[in-house]
Amino acid sequence: RELFVNVLNANATKRDAKQYLARFQAEKKHAAESAKLKVEAERNGPSSILSDNLRRSGVNLGSLYTPSRAIAETPVFVQRADVNVDHQHDRSQQLHVALVCLKSPEDIDDKTMEGLAITLAQLVKLDMRLIIVLDSLWIGSNVRAFRKLLYAQALRLSAAIGRHSPDEGRFVPGALEFRVDGAASTSCSEVDARVAIPELLLDPLKRGLIPILPPLAYTESGRLSRVSSTNVMAALTQKLESMNAAESQDHPLAPNGILLDRIIVLDTIGGIPSKNRGDGAHVFINLEQEFDAIEQELTDYATAARDHAKPEMRRRSYVYEQHRTNLEMIQQCLSQLPSSSSAVIITPQEAASSSRKHRDHDDATSLGSAGTRRRKNSLIHNLLTNKPMVSSSLPAARLPHETHPEGGMPQPEVVQASTLIKRGMPLTIIPTPDPVRGWIAPGSDSSSATPDTTTSLDLETDPRVDLPRLVHLIEDSFRRKLDVQAYLDRIRGRTAGLIVAGNYEGCAILTWETPPSAAAAAHAVRGGGRPATATDPARLVPYLDKFAVLQSSQGSSNVADILFQSMVRSCFPNGVCWRSRGNNPVNKWYFERCAGSWKLPKEPPAQLAEWTAFWTGEDVVQDLQRWRDYVEVCGSIQPSWS
């Protein structure tokens, strides 16, 4: 019942459900074919196989090899046919694996460990096999004592899982080995760990058990030594991914390969901190785009905390270093996996308590706290949707807020949010925005009385733009044909920029638009017949003209979130507007991310559909002229469809 409640509470969309269930279709198809072959073999016996072969060769032996009823009903041992059928059935089984790194299990209390075991058991019931790597902050040089500590924690975790699932754990200390470059040193940078005996992992997985590994490995001389969990996770990732390669699919323990779907890091410090997020942590990280910047940010946090005058701040430097270690470990693992794989950093407490009923507030007697509600299970939500609990493109003001009084740095001790990490996709922004102001309106930096408010970016001639692929992307996303030439003519001279996600998997085309009232004023004639100055650059409106995502990339790939984040944080940090038809199914997504909206008046017959204007930027409603310009632009753009 607990599992059903958590699955239903995950709020997976129809698209998410299809993507999750698709992984079972091939297995069911092969299983059905195997069952059919097995029934035929049992019914006809080996003689039918021989007669079929002779018939195909052109030999007619009449009823010589036709089995009689007595022979057909006689139990026989058919080695060749059954082996082939069983082998085909085995090949239809692909193991979906999650690699879990549990930090400091000795510091987890029994209640939290029990809740964590419930969640892990539920993942197993949802067809996710687990390999767990234990890690500890235990300081000491006695490897035997370290092994004894982790062995006790492995037994503790295995017993907790066994109380909620038939799939218990197995402590596997001897599967790894490493080569040390240098006789005396065993530092992480000089250790090359690898899986020496993969059968110690695959055999428990095939039998439904959970291998539990310590960060220990044997040297070439047979000495057991401690290695970093980063090395262990990277070595396991490399081995499991190699078993999913074409040349390794005939392995007897994993004939159809192993698909490493998830990397899960259970650490009490929680998600990767960020000073730009209201909840104190990154919700989603696109490694291709953000890894270098976030790693540098964590390094700066650690340096600032280490140099701080307060002792408690200096102690935080270690926490920031641990965040950076977690990020680098995940980066090493995901770099070896397909883009569909993802990683989650979450606290054991959150993973343990997310499936339980809890009160909204700690004070049970306070008004409004008498009721109970269920929190979503972060790990099950991620398994079903491959998306974070909340969208990363949501405004920070709509998330739980934590203040950061010490120099704007987040407080790592209070971060409890989880972070979803994917290898992701590169992001191309044309032109490169200013680090502070983003894209700057044309003519705003000119001292001329008649500044030029046209832009030089031309999507038709710019060598950085693949126009045919861009057009295909737009038409595939909107499911409509674009009047390409009419559209290019409309935005020529006013194109602010282009954002492309991945290999043209998504795009955002943004323009600088002139409000009709500003254009009319620019062409008015003053007293004496002297023409007015050109359009005031301050009246130019940043407008999202096209926002498109390939149908095949919609859903769990986070393309829309990546595009929207880049638009509102890097390109137009002071605000941007756009419009959408009243019957657009994406409007709910827009309403959640906008700072304001306005339903445009319907003006027949020219305006046959109802439109809603959206904008970002908190100060728009405080500037009446700015708001009027936004509404005018959204109501005056002419469609460009064929």
# chains A, B, ... in the order shown; residues from 1 in each chain; ligands from 1

call {"tool": "residues_around", "arguments": {"residues": "region 93-104 of chain A", "least_positions_apart": "2", "cutoff": "6 Å", "atoms": "only C-alpha atoms", "output": "list in words"}}
result
Asp90, Arg91, Glu106, Asp107, Met128, Arg129, Leu130, Ile131, Ile132, Val133, Leu134, Asp135, Ser136, Asn256, Gly257, Ile258, Leu259, Leu260, Asp261, Arg262, Ile263, Ile264, Val265, Leu266 and Asp267 of chain A

call {"tool": "write_last_selection", "arguments": {"atoms": "C-alpha atoms", "output": "PDB file, in the first residue's frame"}}
result
ATOM      1  CA  ASP A  90      17.368 -14.645 -20.825  1.00  0.00           C
ATOM      2  CA  ARG A  91      18.381 -12.262 -23.574  1.00  0.00           C
ATOM      3  CA  GLU A 106      27.168   5.052  11.116  1.00  0.00           C
ATOM      4  CA  ASP A 107      25.726   8.525  11.808  1.00  0.00           C
ATOM      5  CA  MET A 128      15.351  -0.962 -10.235  1.00  0.00           C
ATOM      6  CA  ARG A 129      18.259  -3.167  -9.113  1.00  0.00           C
ATOM      7  CA  LEU A 130      20.607  -1.534  -6.617  1.00  0.00           C
ATOM      8  CA  ILE A 131      24.350  -1.566  -5.999  1.00  0.00           C
ATOM      9  CA  ILE A 132      25.209   0.290  -2.800  1.00  0.00           C
ATOM     10  CA  VAL A 133      28.605   1.780  -1.994  1.00  0.00           C
ATOM     11  CA  LEU A 134      29.161   2.688   1.655  1.00  0.00           C
ATOM     12  CA  ASP A 135      31.446   5.555   2.577  1.00  0.00           C
ATOM     13  CA  SER A 136      32.507   6.921   5.932  1.00  0.00           C
ATOM     14  CA  ASN A 256      21.214  -8.494 -22.762  1.00  0.00           C
ATOM     15  CA  GLY A 257      23.341  -5.887 -21.026  1.00  0.00           C
ATOM     16  CA  ILE A 258      22.991  -3.693 -17.973  1.00  0.00           C
ATOM     17  CA  LEU A 259      21.475  -0.241 -18.156  1.00  0.00           C
ATOM     18  CA  LEU A 260      22.766   2.067 -15.432  1.00  0.00           C
ATOM     19  CA  ASP A 261      19.823   4.459 -15.113  1.00  0.00           C
ATOM     20  CA  ARG A 262      20.550   6.396 -11.921  1.00  0.00           C
ATOM     21  CA  ILE A 263      23.352   7.597  -9.693  1.00  0.00           C
ATOM     22  CA  ILE A 264      22.030   8.277  -6.177  1.00  0.00           C
ATOM     23  CA  VAL A 265      24.116  10.042  -3.537  1.00  0.00           C
ATOM     24  CA  LEU A 266      22.714   9.940  -0.001  1.00  0.00           C
ATOM     25  CA  ASP A 267      24.563  12.587   1.990  1.00  0.00           C
TER      26      ASP A 267
END

call {"tool": "select_by_dssp", "arguments": {"residues": "region 90-252 of chain A", "states": "alpha helix (DSSP H)", "output": "PyMOL selection string"}}
result
chain A and resi 90-91+110-125+143-162+199-206+229-242

call {"tool": "select_by_dssp", "arguments": {"residues": "region 460-590 of chain A", "states": "strand (DSSP E or B)", "output": "ChimeraX atom specification"}}
result
/A:482,495-501,506-513,525,531,541-549,577-581

call {"tool": "residues_around", "arguments": {"residues": "Ala501 (chain A)", "least_positions_apart": "4", "cutoff": "9 Å", "atoms": "only C-alpha atoms", "output": "PyMOL selection string"}}
result
chain A and resi 425-429+505-508+549+559-560+562-563

call {"tool": "write_last_selection", "arguments": {"atoms": "N, CA, C and O atoms", "output": "tab-separated table (two decimals), in the first residue's frame"}}
result
chain	number	residue	atom	x	y	z
A	425	MET	N	23.00	18.96	-22.02
A	425	MET	CA	23.30	19.36	-23.39
A	425	MET	C	23.95	20.74	-23.38
A	425	MET	O	23.71	21.54	-22.47
A	426	PRO	N	24.77	21.02	-24.38
A	426	PRO	CA	25.35	22.37	-24.46
A	426	PRO	C	24.30	23.40	-24.84
A	426	PRO	O	23.25	23.06	-25.41
A	427	LEU	N	24.57	24.63	-24.50
A	427	LEU	CA	23.65	25.73	-24.78
A	427	LEU	C	24.39	26.78	-25.59
A	427	LEU	O	25.45	27.25	-25.19
A	428	THR	N	23.82	27.13	-26.73
A	428	THR	CA	24.42	28.14	-27.61
A	428	THR	C	23.58	29.41	-27.54
A	428	THR	O	22.37	29.38	-27.81
A	429	ILE	N	24.21	30.53	-27.18
A	429	ILE	CA	23.53	31.82	-27.09
A	429	ILE	C	24.17	32.77	-28.09
A	429	ILE	O	25.37	33.03	-28.03
A	505	GLU	N	17.62	20.79	-30.34
A	505	GLU	CA	16.51	20.11	-29.67
A	505	GLU	C	15.49	21.12	-29.14
A	505	GLU	O	14.33	20.78	-28.89
A	506	GLY	N	15.91	22.34	-28.93
A	506	GLY	CA	15.03	23.39	-28.49
A	506	GLY	C	15.61	24.74	-28.84
A	506	GLY	O	16.83	24.87	-29.05
A	507	CYS	N	14.77	25.76	-28.93
A	507	CYS	CA	15.27	27.09	-29.27
A	507	CYS	C	14.33	28.15	-28.72
A	507	CYS	O	13.16	27.89	-28.44
A	508	ALA	N	14.87	29.34	-28.56
A	508	ALA	CA	14.09	30.53	-28.21
A	508	ALA	C	14.60	31.66	-29.09
A	508	ALA	O	15.80	31.96	-29.11
A	549	VAL	N	10.39	23.31	-28.71
A	549	VAL	CA	11.10	22.11	-28.26
A	549	VAL	C	10.64	20.95	-29.13
A	549	VAL	O	9.43	20.78	-29.37
A	559	VAL	N	14.57	20.32	-21.53
A	559	VAL	CA	14.99	21.31	-22.52
A	559	VAL	C	14.29	22.64	-22.28
A	559	VAL	O	14.92	23.71	-22.32
A	560	ALA	N	12.99	22.60	-22.01
A	560	ALA	CA	12.24	23.85	-21.80
A	560	ALA	C	12.77	24.61	-20.59
A	560	ALA	O	12.91	25.84	-20.63
A	562	ILE	N	15.81	24.49	-19.33
A	562	ILE	CA	17.14	25.02	-19.65
A	562	ILE	C	17.02	26.30	-20.48
A	562	ILE	O	17.71	27.29	-20.22
A	563	LEU	N	16.13	26.28	-21.48
A	563	LEU	CA	15.95	27.46	-22.32
A	563	LEU	C	15.39	28.64	-21.50
A	563	LEU	O	15.89	29.77	-21.61

call {"tool": "residues_around", "arguments": {"residues": "region 543-546 of chain A", "least_positions_apart": "4", "cutoff": "7 Å", "atoms": "only C-alpha atoms", "output": "ChimeraX atom specification"}}
result
/A:508-513,576-578

call {"tool": "write_last_selection", "arguments": {"atoms": "C-alpha atoms", "output": "PDB file, in the first residue's frame"}}
result
ATOM      1  CA  ALA A 508      14.094  30.528 -28.212  1.00  0.00           C
ATOM      2  CA  ILE A 509      14.024  33.423 -30.687  1.00  0.00           C
ATOM      3  CA  LEU A 510      13.800  36.834 -29.040  1.00  0.00           C
ATOM      4  CA  THR A 511      13.280  40.254 -30.588  1.00  0.00           C
ATOM      5  CA  TRP A 512      13.227  43.952 -29.739  1.00  0.00           C
ATOM      6  CA  GLU A 513       9.749  45.200 -30.581  1.00  0.00           C
ATOM      7  CA  VAL A 576      10.788  39.809 -21.060  1.00  0.00           C
ATOM      8  CA  CYS A 577       7.239  39.430 -22.383  1.00  0.00           C
ATOM      9  CA  TRP A 578       5.441  36.971 -24.632  1.00  0.00           C
TER      10      TRP A 578
END
